[in-house]
Amino acid sequence: MSVLVVGLSHRSAPVTVLERASVPSDALRATIEELYGAETISEVLLVSTCNRIEVYADVARFHPAVAEISSVLARHAGIPVSELAPNLYVHFAEAAVEHMFTVACGLDSLVVGESQILGQLRSAYALGTEVGSVGTVLHDLAQTALHVGKRAHAETGIDQAGASVVAVALNEAARVLGPLGEQHALVVGAGSMGALTTATLARAGAADIVVANRSLPRAERVAAAVGGRGVGLDRLPAEIHAADLVITSTGSAGIVIEAEHVIARHGRPLVILDLALPRDVDPAVAALPDVTYVDLDGLRKAGAMVSDAEVQAAADIVAEELAEHLAEQQRLAVAPTVTALRARANQVIDGELARLDARLPDLGPAERRAVGDAVRRAVEKLLHAPTVRVKELAATPGGDQYAAALRELFDLDQTTVDSVVAVKAPPSPRESA
């Protein structure tokens, strides 16, 4: 198995580095194409969220591929590789598969158990498929990871325990302000995170919700869904002054809320939750009187909301699915050898039947067919047990040695075996189960 993961996340890098390394949505396709064009990479998909940037690839050579991926990430971040490298982690083969399954379950998230990562993985897979950079290896891996994530959320309490970063953020706000039902909230940004925040605030019973966005119609649509008001970004200073709670999560590349936008509060507390990456808020607001500022680093320190038992239950699912996936990959790896062996047997049978025709030209069609069928049945019976057994043994430790033994014993040309793999077309894209 040659699957490689190179990435950085909230576990390995500070927000300042994640901000720079994050790949904007409008640059995802170009970045994937650049990675896919590398000589050492045969398949690739890219996951870029506010908390992680990860490249999953099927590679021919480990070290050159790590160097190439690191170089691309560093160049897009505008950071020398030597500075970015300490923030990177690398997983290969079985460890890479385990990492993707763990990520899909939300076990590696800022808020353990959050489910948004499943949608983000699905989007990364869909884009990779659209670009053409996802083939058989990453197709199987991504589909299995999505299945594992769904299973963990369905079979454990991890889904209810750690719903999202938004839930933890609002808990932090309530700790400072008191019940959210008594607060006036301003949501800055009307994208997917903004809409989720707005809906979560409504469920919490916020007294008044205002949604601010660069596109006023979009802000009004999101706000209308919860009976709130939509405004343009030009209204920010006034709306911030009226609010008790500000939650921002735009996709802007620069600062949206400057310190000067926060007018003197005169003893009235204000909580600003910055859920964006790059950050939307000038960190200088944290020094202003009556203002509590929490960014992603602060939320990280808030910890998970999932019990050890729930985490262990999800981890057990990852371990079970990992073992089955690896066993299946080993079974698939021996399949070309079995196919080549059967093809070799058919060649021998065809050759012998041709010689029989030459020696017995008067043999009738019925007799010739009966002899051919008998020979093929005999060979099939002889091959059945060893080919079935080698597939079973392939799923055991060191199982690849059995396929090698078959190739040696039956003098199978490795080129012939490889050609069986080469003619396989990648599966057509489909929605994950």
# chains A, B, ... in the order shown; residues from 1 in each chain; ligands from 1
>>> residues_around(residues="range 77-82 of chain A", least_positions_apart="6", cutoff="12 Å", atoms="only C-alpha atoms", output="NGL selection string")
:A and (8 or 16-24 or 27 or 31 or 53 or 66-71 or 88 or 278)
>>> write_last_selection(atoms="all heavy atoms", output="short mmCIF file (atom, residue, chain, number, x, y, z; two decimals), in the first residue's frame")
data_model
loop_
_atom_site.label_atom_id
_atom_site.label_comp_id
_atom_site.auth_asym_id
_atom_site.auth_seq_id
_atom_site.Cartn_x
_atom_site.Cartn_y
_atom_site.Cartn_z
N LEU A 8 -1.15 19.46 8.04
CA LEU A 8 -1.01 20.16 9.30
C LEU A 8 -2.41 20.46 9.80
O LEU A 8 -3.35 20.61 9.00
CB LEU A 8 -0.19 21.43 9.16
CG LEU A 8 -0.70 22.57 8.26
CD1 LEU A 8 0.01 23.87 8.63
CD2 LEU A 8 -0.41 22.27 6.78
N THR A 16 -1.90 30.96 13.41
CA THR A 16 -1.21 31.86 12.48
C THR A 16 -0.63 31.10 11.28
O THR A 16 -0.66 31.59 10.16
CB THR A 16 -0.08 32.60 13.21
OG1 THR A 16 0.75 31.65 13.91
CG2 THR A 16 -0.65 33.60 14.21
N VAL A 17 -0.13 29.89 11.53
CA VAL A 17 0.40 29.07 10.44
C VAL A 17 -0.72 28.46 9.62
O VAL A 17 -0.68 28.44 8.38
CB VAL A 17 1.32 27.96 10.99
CG1 VAL A 17 1.78 27.02 9.86
CG2 VAL A 17 2.54 28.56 11.67
N LEU A 18 -1.78 27.99 10.30
CA LEU A 18 -2.93 27.43 9.58
C LEU A 18 -3.57 28.46 8.67
O LEU A 18 -4.00 28.14 7.56
CB LEU A 18 -3.96 26.90 10.59
CG LEU A 18 -3.59 25.62 11.34
CD1 LEU A 18 -4.60 25.36 12.44
CD2 LEU A 18 -3.51 24.43 10.39
N GLU A 19 -3.61 29.70 9.14
CA GLU A 19 -4.18 30.78 8.33
C GLU A 19 -3.44 30.92 7.01
O GLU A 19 -4.04 31.06 5.94
CB GLU A 19 -4.12 32.09 9.10
CG GLU A 19 -5.13 32.22 10.22
CD GLU A 19 -4.96 33.50 11.00
OE1 GLU A 19 -3.88 34.12 10.93
OE2 GLU A 19 -5.92 33.90 11.68
N ARG A 20 -2.13 30.88 7.07
CA ARG A 20 -1.32 31.08 5.88
C ARG A 20 -1.34 29.86 4.96
O ARG A 20 -1.29 29.98 3.74
CB ARG A 20 0.11 31.44 6.26
CG ARG A 20 0.21 32.75 7.04
CD ARG A 20 1.65 33.07 7.41
NE ARG A 20 2.47 33.35 6.25
CZ ARG A 20 3.78 33.62 6.31
NH1 ARG A 20 4.38 33.66 7.49
NH2 ARG A 20 4.47 33.87 5.22
N ALA A 21 -1.41 28.68 5.57
CA ALA A 21 -1.36 27.45 4.79
C ALA A 21 -2.70 27.06 4.19
O ALA A 21 -2.75 26.28 3.24
CB ALA A 21 -0.84 26.30 5.66
N SER A 22 -3.79 27.59 4.74
CA SER A 22 -5.12 27.25 4.24
C SER A 22 -5.24 27.57 2.75
O SER A 22 -4.79 28.62 2.29
CB SER A 22 -6.18 28.03 5.02
OG SER A 22 -7.47 27.73 4.55
N VAL A 23 -5.82 26.64 2.00
CA VAL A 23 -5.99 26.82 0.56
C VAL A 23 -7.39 27.35 0.30
O VAL A 23 -8.38 26.65 0.56
CB VAL A 23 -5.78 25.50 -0.20
CG1 VAL A 23 -5.92 25.72 -1.70
CG2 VAL A 23 -4.42 24.89 0.13
N PRO A 24 -7.53 28.58 -0.21
CA PRO A 24 -8.86 29.15 -0.48
C PRO A 24 -9.63 28.28 -1.47
O PRO A 24 -9.03 27.58 -2.30
CB PRO A 24 -8.54 30.52 -1.07
CG PRO A 24 -7.13 30.82 -0.65
CD PRO A 24 -6.44 29.51 -0.57
N ALA A 27 -8.76 28.35 -5.06
CA ALA A 27 -7.42 27.87 -5.45
C ALA A 27 -7.29 26.36 -5.31
O ALA A 27 -6.24 25.80 -5.61
CB ALA A 27 -6.36 28.56 -4.59
N THR A 31 -4.42 23.86 -7.10
CA THR A 31 -3.47 23.19 -6.21
C THR A 31 -3.49 21.68 -6.43
O THR A 31 -2.44 21.03 -6.48
CB THR A 31 -3.80 23.51 -4.74
OG1 THR A 31 -3.86 24.92 -4.56
CG2 THR A 31 -2.74 22.92 -3.81
N ILE A 53 -5.23 21.18 6.87
CA ILE A 53 -4.90 21.15 5.45
C ILE A 53 -4.15 19.85 5.23
O ILE A 53 -3.05 19.66 5.78
CB ILE A 53 -4.03 22.35 5.01
CG1 ILE A 53 -4.73 23.68 5.33
CG2 ILE A 53 -3.72 22.27 3.52
CD1 ILE A 53 -4.35 24.26 6.67
N VAL A 66 6.89 13.16 -0.41
CA VAL A 66 6.81 14.02 0.77
C VAL A 66 7.43 15.38 0.47
O VAL A 66 6.87 16.44 0.82
CB VAL A 66 7.52 13.38 1.98
CG1 VAL A 66 7.62 14.37 3.15
CG2 VAL A 66 6.76 12.14 2.43
N ALA A 67 8.56 15.37 -0.18
CA ALA A 67 9.25 16.62 -0.52
C ALA A 67 8.41 17.47 -1.47
O ALA A 67 8.30 18.69 -1.30
CB ALA A 67 10.61 16.32 -1.14
N GLU A 68 7.80 16.84 -2.46
CA GLU A 68 6.99 17.56 -3.45
C GLU A 68 5.75 18.18 -2.79
O GLU A 68 5.44 19.36 -3.01
CB GLU A 68 6.56 16.62 -4.57
CG GLU A 68 5.71 17.28 -5.65
CD GLU A 68 6.45 18.34 -6.44
OE1 GLU A 68 7.69 18.21 -6.59
OE2 GLU A 68 5.81 19.30 -6.90
N ILE A 69 5.05 17.40 -1.99
CA ILE A 69 3.84 17.90 -1.34
C ILE A 69 4.18 19.03 -0.37
O ILE A 69 3.50 20.06 -0.33
CB ILE A 69 3.11 16.76 -0.62
CG1 ILE A 69 2.57 15.75 -1.63
CG2 ILE A 69 1.96 17.31 0.24
CD1 ILE A 69 2.04 14.48 -1.02
N SER A 70 5.23 18.85 0.41
CA SER A 70 5.65 19.88 1.35
C SER A 70 6.00 21.17 0.63
O SER A 70 5.67 22.27 1.09
CB SER A 70 6.85 19.39 2.17
OG SER A 70 6.55 18.22 2.89
N SER A 71 6.66 21.02 -0.51
CA SER A 71 7.05 22.19 -1.29
C SER A 71 5.83 22.94 -1.81
O SER A 71 5.78 24.18 -1.76
CB SER A 71 7.94 21.75 -2.46
OG SER A 71 8.27 22.84 -3.29
N LEU A 88 4.30 20.10 10.06
CA LEU A 88 3.72 19.05 9.23
C LEU A 88 3.78 17.69 9.92
O LEU A 88 4.69 17.42 10.69
CB LEU A 88 4.45 18.97 7.89
CG LEU A 88 4.35 20.17 6.96
CD1 LEU A 88 5.25 19.96 5.74
CD2 LEU A 88 2.91 20.40 6.52
N PRO A 278 -8.53 32.26 7.43
CA PRO A 278 -7.84 33.19 8.32
C PRO A 278 -8.82 33.96 9.21
O PRO A 278 -9.99 34.07 8.92
CB PRO A 278 -7.13 34.15 7.34
CG PRO A 278 -7.09 33.41 6.04
CD PRO A 278 -8.31 32.59 6.01
#
>>> residues_around(residues="range 231-236 of chain A", least_positions_apart="2", cutoff="8 Å", atoms="only C-alpha atoms", output="VMD selection string")
chain A and resid 210 to 216 219 to 220 229 238 to 240 257 261
>>> select_by_dssp(residues="range 73-252 of chain A", states="alpha helix (DSSP H)", output="JSON, numbers by chain")
{"A": [73, 74, 75, 76, 77, 81, 82, 83, 84, 94, 95, 96, 97, 98, 99, 100, 101, 102, 103, 104, 116, 117, 118, 119, 120, 121, 122, 123, 124, 125, 126, 127, 128, 129, 130, 131, 136, 137, 138, 139, 140, 141, 142, 143, 144, 145, 146, 147, 148, 149, 150, 151, 152, 153, 154, 155, 158, 159, 160, 161, 165, 166, 167, 168, 169, 170, 171, 172, 173, 174, 175, 176, 177, 192, 193, 194, 195, 196, 197, 198, 199, 200, 201, 202, 203, 216, 217, 218, 219, 220, 221, 222, 223, 224, 236, 237, 238, 239, 240, 241, 242]}
>>> atom_distance(atom1="CA of Gly37 in chain A", atom2="CA of Leu322 in chain A")
29.5 Å
>>> closest_atom_pairs(of="range 234-313 of chain A", to="range 151-155 of chain A", cutoff="12 Å", atoms="only C-alpha atoms", output="tab-separated table")
residue	atom	partner	partner_atom	distance
A:Glu310	CA	A:Ala152	CA	9.5
A:Val311	CA	A:Ala152	CA	9.6
A:Gln312	CA	A:Ala152	CA	10.6
A:Ala313	CA	A:Ala152	CA	8.0
>>> residues_around(residues="Glu258 in chain A", least_positions_apart="2", cutoff="12 Å", atoms="only C-alpha atoms", output="compact mmCIF listing (two decimals) with N, CA, C and O atoms, in the first residue's frame")
# COMPACT_ATOMS: atom_id res chain seq x y z
N LEU A 236 -21.59 47.25 10.15
CA LEU A 236 -20.90 46.53 11.22
C LEU A 236 -20.71 47.35 12.51
O LEU A 236 -21.06 46.87 13.60
N PRO A 237 -20.12 48.56 12.48
CA PRO A 237 -19.89 49.29 13.75
C PRO A 237 -21.16 49.46 14.57
O PRO A 237 -21.16 49.21 15.79
N ILE A 240 -22.38 45.97 15.87
CA ILE A 240 -21.49 45.47 16.93
C ILE A 240 -21.79 46.20 18.24
O ILE A 240 -21.83 45.60 19.32
N GLY A 254 -8.80 38.69 4.61
CA GLY A 254 -8.24 39.71 5.49
C GLY A 254 -9.14 40.00 6.67
O GLY A 254 -10.17 39.35 6.87
N ILE A 255 -8.73 40.97 7.47
CA ILE A 255 -9.49 41.35 8.67
C ILE A 255 -10.82 42.00 8.26
O ILE A 255 -10.86 42.87 7.40
N VAL A 256 -11.90 41.55 8.89
CA VAL A 256 -13.23 42.11 8.63
C VAL A 256 -13.64 43.05 9.75
O VAL A 256 -14.24 44.10 9.51
N GLU A 260 -11.17 49.32 15.78
CA GLU A 260 -11.88 50.61 15.77
C GLU A 260 -13.39 50.45 15.54
O GLU A 260 -14.16 51.37 15.78
N HIS A 261 -13.81 49.25 15.07
CA HIS A 261 -15.24 49.00 14.88
C HIS A 261 -15.96 48.80 16.21
O HIS A 261 -17.19 48.86 16.26
N VAL A 262 -15.20 48.50 17.28
CA VAL A 262 -15.81 48.23 18.58
C VAL A 262 -15.86 49.53 19.38
O VAL A 262 -14.84 49.99 19.90
N ILE A 263 -17.03 50.11 19.44
CA ILE A 263 -17.22 51.38 20.16
C ILE A 263 -17.23 51.12 21.66
O ILE A 263 -17.62 50.04 22.11
N ILE A 272 -16.78 38.28 21.52
CA ILE A 272 -16.53 38.13 20.08
C ILE A 272 -15.91 36.75 19.85
O ILE A 272 -14.83 36.46 20.39
N ARG A 279 -8.27 34.50 10.29
CA ARG A 279 -9.11 35.21 11.26
C ARG A 279 -9.81 36.41 10.64
O ARG A 279 -9.26 37.12 9.81
N ASP A 280 -11.04 36.65 11.11
CA ASP A 280 -11.82 37.80 10.67
C ASP A 280 -11.59 39.02 11.55
O ASP A 280 -11.87 40.15 11.14
N VAL A 281 -11.14 38.80 12.77
CA VAL A 281 -11.10 39.86 13.79
C VAL A 281 -9.66 40.22 14.14
O VAL A 281 -8.82 39.34 14.33
N ASP A 282 -9.41 41.52 14.23
CA ASP A 282 -8.11 41.99 14.69
C ASP A 282 -7.94 41.56 16.15
O ASP A 282 -8.74 41.95 17.02
N PRO A 283 -6.93 40.72 16.47
CA PRO A 283 -6.75 40.25 17.84
C PRO A 283 -6.60 41.37 18.86
O PRO A 283 -6.76 41.14 20.07
N ALA A 284 -6.35 42.59 18.38
CA ALA A 284 -6.21 43.72 19.30
C ALA A 284 -7.49 44.01 20.06
O ALA A 284 -7.46 44.67 21.11
N VAL A 285 -8.64 43.50 19.59
CA VAL A 285 -9.89 43.74 20.31
C VAL A 285 -9.86 43.10 21.69
O VAL A 285 -10.61 43.52 22.59
N ALA A 286 -9.01 42.10 21.87
CA ALA A 286 -8.94 41.41 23.16
C ALA A 286 -8.49 42.34 24.27
O ALA A 286 -8.77 42.09 25.45
N LEU A 288 -9.41 45.49 24.55
CA LEU A 288 -10.40 46.54 24.79
C LEU A 288 -11.20 46.25 26.06
O LEU A 288 -11.49 45.10 26.38
>>> closest_residue(among="A:Leu412, A:Val47, A:Ala242, A:Val168", to="Thr339 in chain A", atoms="only C-alpha atoms")
A:Leu412
>>> residues_around(residues="Leu45 in chain A", least_positions_apart="6", cutoff="9 Å", atoms="only C-alpha atoms", output="VMD selection string")
chain A and resid 32 35 to 36 54 to 57 124 to 125 127 to 129 133 to 134 138
>>> write_last_selection(atoms="all heavy atoms", output="JSON list (two decimals), in the first residue's frame")
[["chain", "number", "residue", "atom", "x", "y", "z"],
["A", 32, "ILE", "N", -4.69, 21.12, -6.59],
["A", 32, "ILE", "CA", -4.81, 19.69, -6.86],
["A", 32, "ILE", "C", -4.13, 19.34, -8.17],
["A", 32, "ILE", "O", -3.39, 18.36, -8.28],
["A", 32, "ILE", "CB", -6.29, 19.27, -6.90],
["A", 32, "ILE", "CG1", -6.92, 19.38, -5.50],
["A", 32, "ILE", "CG2", -6.44, 17.83, -7.41],
["A", 32, "ILE", "CD1", -8.42, 19.21, -5.49],
["A", 35, "LEU", "N", -0.38, 19.31, -7.75],
["A", 35, "LEU", "CA", 0.07, 18.10, -7.05],
["A", 35, "LEU", "C", -0.03, 16.88, -7.97],
["A", 35, "LEU", "O", 0.88, 16.04, -8.01],
["A", 35, "LEU", "CB", -0.76, 17.88, -5.80],
["A", 35, "LEU", "CG", -0.54, 18.86, -4.64],
["A", 35, "LEU", "CD1", -1.68, 18.78, -3.63],
["A", 35, "LEU", "CD2", 0.80, 18.58, -3.96],
["A", 36, "TYR", "N", -1.13, 16.79, -8.70],
["A", 36, "TYR", "CA", -1.37, 15.63, -9.57],
["A", 36, "TYR", "C", -0.35, 15.57, -10.71],
["A", 36, "TYR", "O", -0.05, 14.50, -11.23],
["A", 36, "TYR", "CB", -2.79, 15.73, -10.14],
["A", 36, "TYR", "CG", -3.25, 14.51, -10.88],
["A", 36, "TYR", "CD1", -3.07, 13.22, -10.38],
["A", 36, "TYR", "CD2", -3.91, 14.65, -12.11],
["A", 36, "TYR", "CE1", -3.51, 12.11, -11.07],
["A", 36, "TYR", "CE2", -4.37, 13.54, -12.81],
["A", 36, "TYR", "CZ", -4.17, 12.28, -12.28],
["A", 36, "TYR", "OH", -4.61, 11.17, -12.98],
["A", 54, "GLU", "N", -4.75, 18.93, 4.49],
["A", 54, "GLU", "CA", -4.16, 17.60, 4.32],
["A", 54, "GLU", "C", -4.18, 17.17, 2.86],
["A", 54, "GLU", "O", -5.18, 17.36, 2.17],
["A", 54, "GLU", "CB", -4.90, 16.55, 5.15],
["A", 54, "GLU", "CG", -4.76, 16.75, 6.65],
["A", 54, "GLU", "CD", -5.49, 15.70, 7.45],
["A", 54, "GLU", "OE1", -6.45, 15.09, 6.93],
["A", 54, "GLU", "OE2", -5.11, 15.48, 8.61],
["A", 55, "VAL", "N", -3.06, 16.59, 2.42],
["A", 55, "VAL", "CA", -2.97, 16.02, 1.09],
["A", 55, "VAL", "C", -2.91, 14.51, 1.23],
["A", 55, "VAL", "O", -2.03, 13.98, 1.92],
["A", 55, "VAL", "CB", -1.72, 16.53, 0.34],
["A", 55, "VAL", "CG1", -1.57, 15.80, -1.00],
["A", 55, "VAL", "CG2", -1.79, 18.04, 0.13],
["A", 56, "TYR", "N", -3.86, 13.82, 0.62],
["A", 56, "TYR", "CA", -3.85, 12.36, 0.56],
["A", 56, "TYR", "C", -3.43, 11.97, -0.85],
["A", 56, "TYR", "O", -3.98, 12.49, -1.83],
["A", 56, "TYR", "CB", -5.24, 11.80, 0.84],
["A", 56, "TYR", "CG", -5.70, 12.00, 2.27],
["A", 56, "TYR", "CD1", -6.30, 13.19, 2.66],
["A", 56, "TYR", "CD2", -5.55, 11.00, 3.22],
["A", 56, "TYR", "CE1", -6.73, 13.39, 3.97],
["A", 56, "TYR", "CE2", -5.97, 11.19, 4.53],
["A", 56, "TYR", "CZ", -6.56, 12.38, 4.90],
["A", 56, "TYR", "OH", -6.97, 12.58, 6.20],
["A", 57, "ALA", "N", -2.45, 11.08, -0.97],
["A", 57, "ALA", "CA", -1.94, 10.75, -2.29],
["A", 57, "ALA", "C", -1.54, 9.28, -2.37],
["A", 57, "ALA", "O", -1.16, 8.67, -1.38],
["A", 57, "ALA", "CB", -0.72, 11.62, -2.62],
["A", 124, "ALA", "N", -14.08, 17.11, -0.72],
["A", 124, "ALA", "CA", -12.72, 16.91, -1.23],
["A", 124, "ALA", "C", -12.68, 15.76, -2.22],
["A", 124, "ALA", "O", -12.04, 15.83, -3.27],
["A", 124, "ALA", "CB", -11.77, 16.64, -0.07],
["A", 125, "TYR", "N", -13.39, 14.68, -1.90],
["A", 125, "TYR", "CA", -13.46, 13.53, -2.80],
["A", 125, "TYR", "C", -14.15, 13.91, -4.11],
["A", 125, "TYR", "O", -13.68, 13.56, -5.21],
["A", 125, "TYR", "CB", -14.22, 12.39, -2.12],
["A", 125, "TYR", "CG", -14.65, 11.30, -3.06],
["A", 125, "TYR", "CD1", -13.74, 10.36, -3.56],
["A", 125, "TYR", "CD2", -15.98, 11.22, -3.50],
["A", 125, "TYR", "CE1", -14.15, 9.38, -4.45],
["A", 125, "TYR", "CE2", -16.38, 10.24, -4.38],
["A", 125, "TYR", "CZ", -15.47, 9.32, -4.85],
["A", 125, "TYR", "OH", -15.86, 8.35, -5.74],
["A", 127, "LEU", "N", -14.42, 16.87, -5.54],
["A", 127, "LEU", "CA", -13.58, 17.75, -6.36],
["A", 127, "LEU", "C", -12.45, 16.96, -7.00],
["A", 127, "LEU", "O", -12.13, 17.15, -8.18],
["A", 127, "LEU", "CB", -13.03, 18.90, -5.52],
["A", 127, "LEU", "CG", -12.15, 19.91, -6.27],
["A", 127, "LEU", "CD1", -12.91, 20.52, -7.44],
["A", 127, "LEU", "CD2", -11.67, 21.01, -5.33],
["A", 128, "GLY", "N", -11.82, 16.07, -6.22],
["A", 128, "GLY", "CA", -10.75, 15.24, -6.79],
["A", 128, "GLY", "C", -11.25, 14.38, -7.93],
["A", 128, "GLY", "O", -10.56, 14.19, -8.95],
["A", 129, "THR", "N", -12.46, 13.85, -7.80],
["A", 129, "THR", "CA", -13.06, 13.04, -8.86],
["A", 129, "THR", "C", -13.34, 13.90, -10.09],
["A", 129, "THR", "O", -13.11, 13.49, -11.23],
["A", 129, "THR", "CB", -14.36, 12.39, -8.36],
["A", 129, "THR", "OG1", -14.08, 11.58, -7.22],
["A", 129, "THR", "CG2", -14.99, 11.52, -9.44],
["A", 133, "SER", "N", -8.19, 13.47, -10.44],
["A", 133, "SER", "CA", -7.01, 13.08, -9.67],
["A", 133, "SER", "C", -7.29, 11.93, -8.71],
["A", 133, "SER", "O", -6.37, 11.45, -8.04],
["A", 133, "SER", "CB", -6.48, 14.28, -8.87],
["A", 133, "SER", "OG", -7.43, 14.67, -7.89],
["A", 134, "VAL", "N", -8.54, 11.49, -8.62],
["A", 134, "VAL", "CA", -8.90, 10.36, -7.76],
["A", 134, "VAL", "C", -9.13, 9.13, -8.62],
["A", 134, "VAL", "O", -9.98, 9.14, -9.52],
["A", 134, "VAL", "CB", -10.17, 10.67, -6.93],
["A", 134, "VAL", "CG1", -10.68, 9.41, -6.22],
["A", 134, "VAL", "CG2", -9.88, 11.76, -5.91],
["A", 138, "LEU", "N", -7.67, 5.92, -4.09],
["A", 138, "LEU", "CA", -8.29, 6.93, -3.24],
["A", 138, "LEU", "C", -9.81, 6.87, -3.28],
["A", 138, "LEU", "O", -10.47, 7.27, -2.32],
["A", 138, "LEU", "CB", -7.80, 8.33, -3.63],
["A", 138, "LEU", "CG", -6.32, 8.61, -3.33],
["A", 138, "LEU", "CD1", -5.98, 10.06, -3.64],
["A", 138, "LEU", "CD2", -5.98, 8.28, -1.88]]
>>> residues_around(residues="Gln116 in chain A", least_positions_apart="5", cutoff="10 Å", atoms="only C-alpha atoms", output="PDB file with N, CA and C atoms, in the first residue's frame")
ATOM      1  N   THR A  49      -9.700  22.793   5.438  1.00  0.00           N
ATOM      2  CA  THR A  49     -10.745  23.352   6.291  1.00  0.00           C
ATOM      3  C   THR A  49     -10.102  24.400   7.194  1.00  0.00           C
ATOM      4  N   ALA A 104     -12.330  11.122   9.731  1.00  0.00           N
ATOM      5  CA  ALA A 104     -13.722  11.006   9.303  1.00  0.00           C
ATOM      6  C   ALA A 104     -14.676  10.852  10.486  1.00  0.00           C
ATOM      7  N   CYS A 105     -14.210  10.242  11.565  1.00  0.00           N
ATOM      8  CA  CYS A 105     -15.043  10.054  12.754  1.00  0.00           C
ATOM      9  C   CYS A 105     -15.113  11.301  13.627  1.00  0.00           C
ATOM     10  N   GLY A 106     -14.291  12.298  13.328  1.00  0.00           N
ATOM     11  CA  GLY A 106     -14.258  13.494  14.165  1.00  0.00           C
ATOM     12  C   GLY A 106     -13.361  13.336  15.377  1.00  0.00           C
ATOM     13  N   SER A 109     -10.669  16.103  15.428  1.00  0.00           N
ATOM     14  CA  SER A 109     -11.161  17.461  15.247  1.00  0.00           C
ATOM     15  C   SER A 109     -10.881  18.336  16.461  1.00  0.00           C
ATOM     16  N   LEU A 121     -14.849  16.053   3.858  1.00  0.00           N
ATOM     17  CA  LEU A 121     -14.187  14.943   3.171  1.00  0.00           C
ATOM     18  C   LEU A 121     -14.924  14.586   1.885  1.00  0.00           C
ATOM     19  N   ALA A 163     -21.216  18.192  18.776  1.00  0.00           N
ATOM     20  CA  ALA A 163     -21.916  18.505  17.542  1.00  0.00           C
ATOM     21  C   ALA A 163     -21.088  19.354  16.600  1.00  0.00           C
ATOM     22  N   SER A 164     -20.417  20.400  17.093  1.00  0.00           N
ATOM     23  CA  SER A 164     -19.681  21.292  16.200  1.00  0.00           C
ATOM     24  C   SER A 164     -18.855  22.273  16.990  1.00  0.00           C
ATOM     25  N   VAL A 165     -17.968  22.943  16.280  1.00  0.00           N
ATOM     26  CA  VAL A 165     -17.197  24.024  16.879  1.00  0.00           C
ATOM     27  C   VAL A 165     -18.135  25.119  17.388  1.00  0.00           C
ATOM     28  N   MET A 193     -20.963  28.028   7.506  1.00  0.00           N
ATOM     29  CA  MET A 193     -20.714  28.157   8.944  1.00  0.00           C
ATOM     30  C   MET A 193     -21.607  29.234   9.545  1.00  0.00           C
TER      31      MET A 193
END
>>> select_by_dssp(residues="range 69-250 of chain A", states="strand (DSSP E or B)", output="list in words")
Tyr89, Val90, His91, Phe92, His184, Ala185, Leu186, Val187, Val188, Asp208, Ile209, Val210, Val211, Ala212, Asn213, Arg229, Gly230, Val231, Gly232, Leu245, Val246, Ile247 and Thr248 of chain A
>>> residues_around(residues="Val379 in chain A", least_positions_apart="5", cutoff="9 Å", atoms="only C-alpha atoms", output="list of chain:residue names")
A:Ala345, A:Asn346, A:Ile349, A:Ala374, A:His384
>>> closest_residue(among="A:Thr396, A:Ser48, A:Gln120, A:Gln347", to="Arg376 in chain A", atoms="only C-alpha atoms")
A:Gln347
>>> residues_around(residues="Val187 in chain A", least_positions_apart="6", cutoff="8 Å", atoms="only C-alpha atoms", output="PyMOL selection string")
chain A and resi 194+197-198+209-212+246-249
>>> atom_distance(atom1="CA of Thr102 in chain A", atom2="CA of Leu196 in chain A")
23.6 Å
>>> decode(residues="range 129-139 of chain A", atoms="N, CA and C atoms", output="PDB file, in the first residue's frame")
ATOM      1  N   THR A 129     -12.463  13.852  -7.796  1.00  0.00           N
ATOM      2  CA  THR A 129     -13.057  13.042  -8.864  1.00  0.00           C
ATOM      3  C   THR A 129     -13.341  13.896 -10.090  1.00  0.00           C
ATOM      4  N   GLU A 130     -13.835  15.110  -9.846  1.00  0.00           N
ATOM      5  CA  GLU A 130     -14.136  16.025 -10.946  1.00  0.00           C
ATOM      6  C   GLU A 130     -12.868  16.414 -11.701  1.00  0.00           C
ATOM      7  N   VAL A 131     -11.800  16.681 -10.956  1.00  0.00           N
ATOM      8  CA  VAL A 131     -10.523  17.047 -11.582  1.00  0.00           C
ATOM      9  C   VAL A 131      -9.912  15.854 -12.302  1.00  0.00           C
ATOM     10  N   GLY A 132     -10.213  14.649 -11.811  1.00  0.00           N
ATOM     11  CA  GLY A 132      -9.631  13.433 -12.394  1.00  0.00           C
ATOM     12  C   GLY A 132      -8.425  12.930 -11.643  1.00  0.00           C
ATOM     13  N   SER A 133      -8.191  13.467 -10.441  1.00  0.00           N
ATOM     14  CA  SER A 133      -7.008  13.077  -9.669  1.00  0.00           C
ATOM     15  C   SER A 133      -7.287  11.928  -8.710  1.00  0.00           C
ATOM     16  N   VAL A 134      -8.541  11.488  -8.618  1.00  0.00           N
ATOM     17  CA  VAL A 134      -8.901  10.360  -7.757  1.00  0.00           C
ATOM     18  C   VAL A 134      -9.128   9.130  -8.621  1.00  0.00           C
ATOM     19  N   GLY A 135      -8.345   8.088  -8.356  1.00  0.00           N
ATOM     20  CA  GLY A 135      -8.492   6.829  -9.067  1.00  0.00           C
ATOM     21  C   GLY A 135      -8.965   5.736  -8.133  1.00  0.00           C
ATOM     22  N   THR A 136      -8.648   4.508  -8.473  1.00  0.00           N
ATOM     23  CA  THR A 136      -9.143   3.357  -7.717  1.00  0.00           C
ATOM     24  C   THR A 136      -8.725   3.390  -6.253  1.00  0.00           C
ATOM     25  N   VAL A 137      -7.468   3.714  -5.984  1.00  0.00           N
ATOM     26  CA  VAL A 137      -6.946   3.651  -4.612  1.00  0.00           C
ATOM     27  C   VAL A 137      -7.658   4.647  -3.701  1.00  0.00           C
ATOM     28  N   LEU A 138      -7.669   5.920  -4.088  1.00  0.00           N
ATOM     29  CA  LEU A 138      -8.287   6.933  -3.236  1.00  0.00           C
ATOM     30  C   LEU A 138      -9.808   6.865  -3.278  1.00  0.00           C
ATOM     31  N   HIS A 139     -10.369   6.355  -4.363  1.00  0.00           N
ATOM     32  CA  HIS A 139     -11.814   6.146  -4.406  1.00  0.00           C
ATOM     33  C   HIS A 139     -12.213   5.168  -3.298  1.00  0.00           C
TER      34      HIS A 139
END
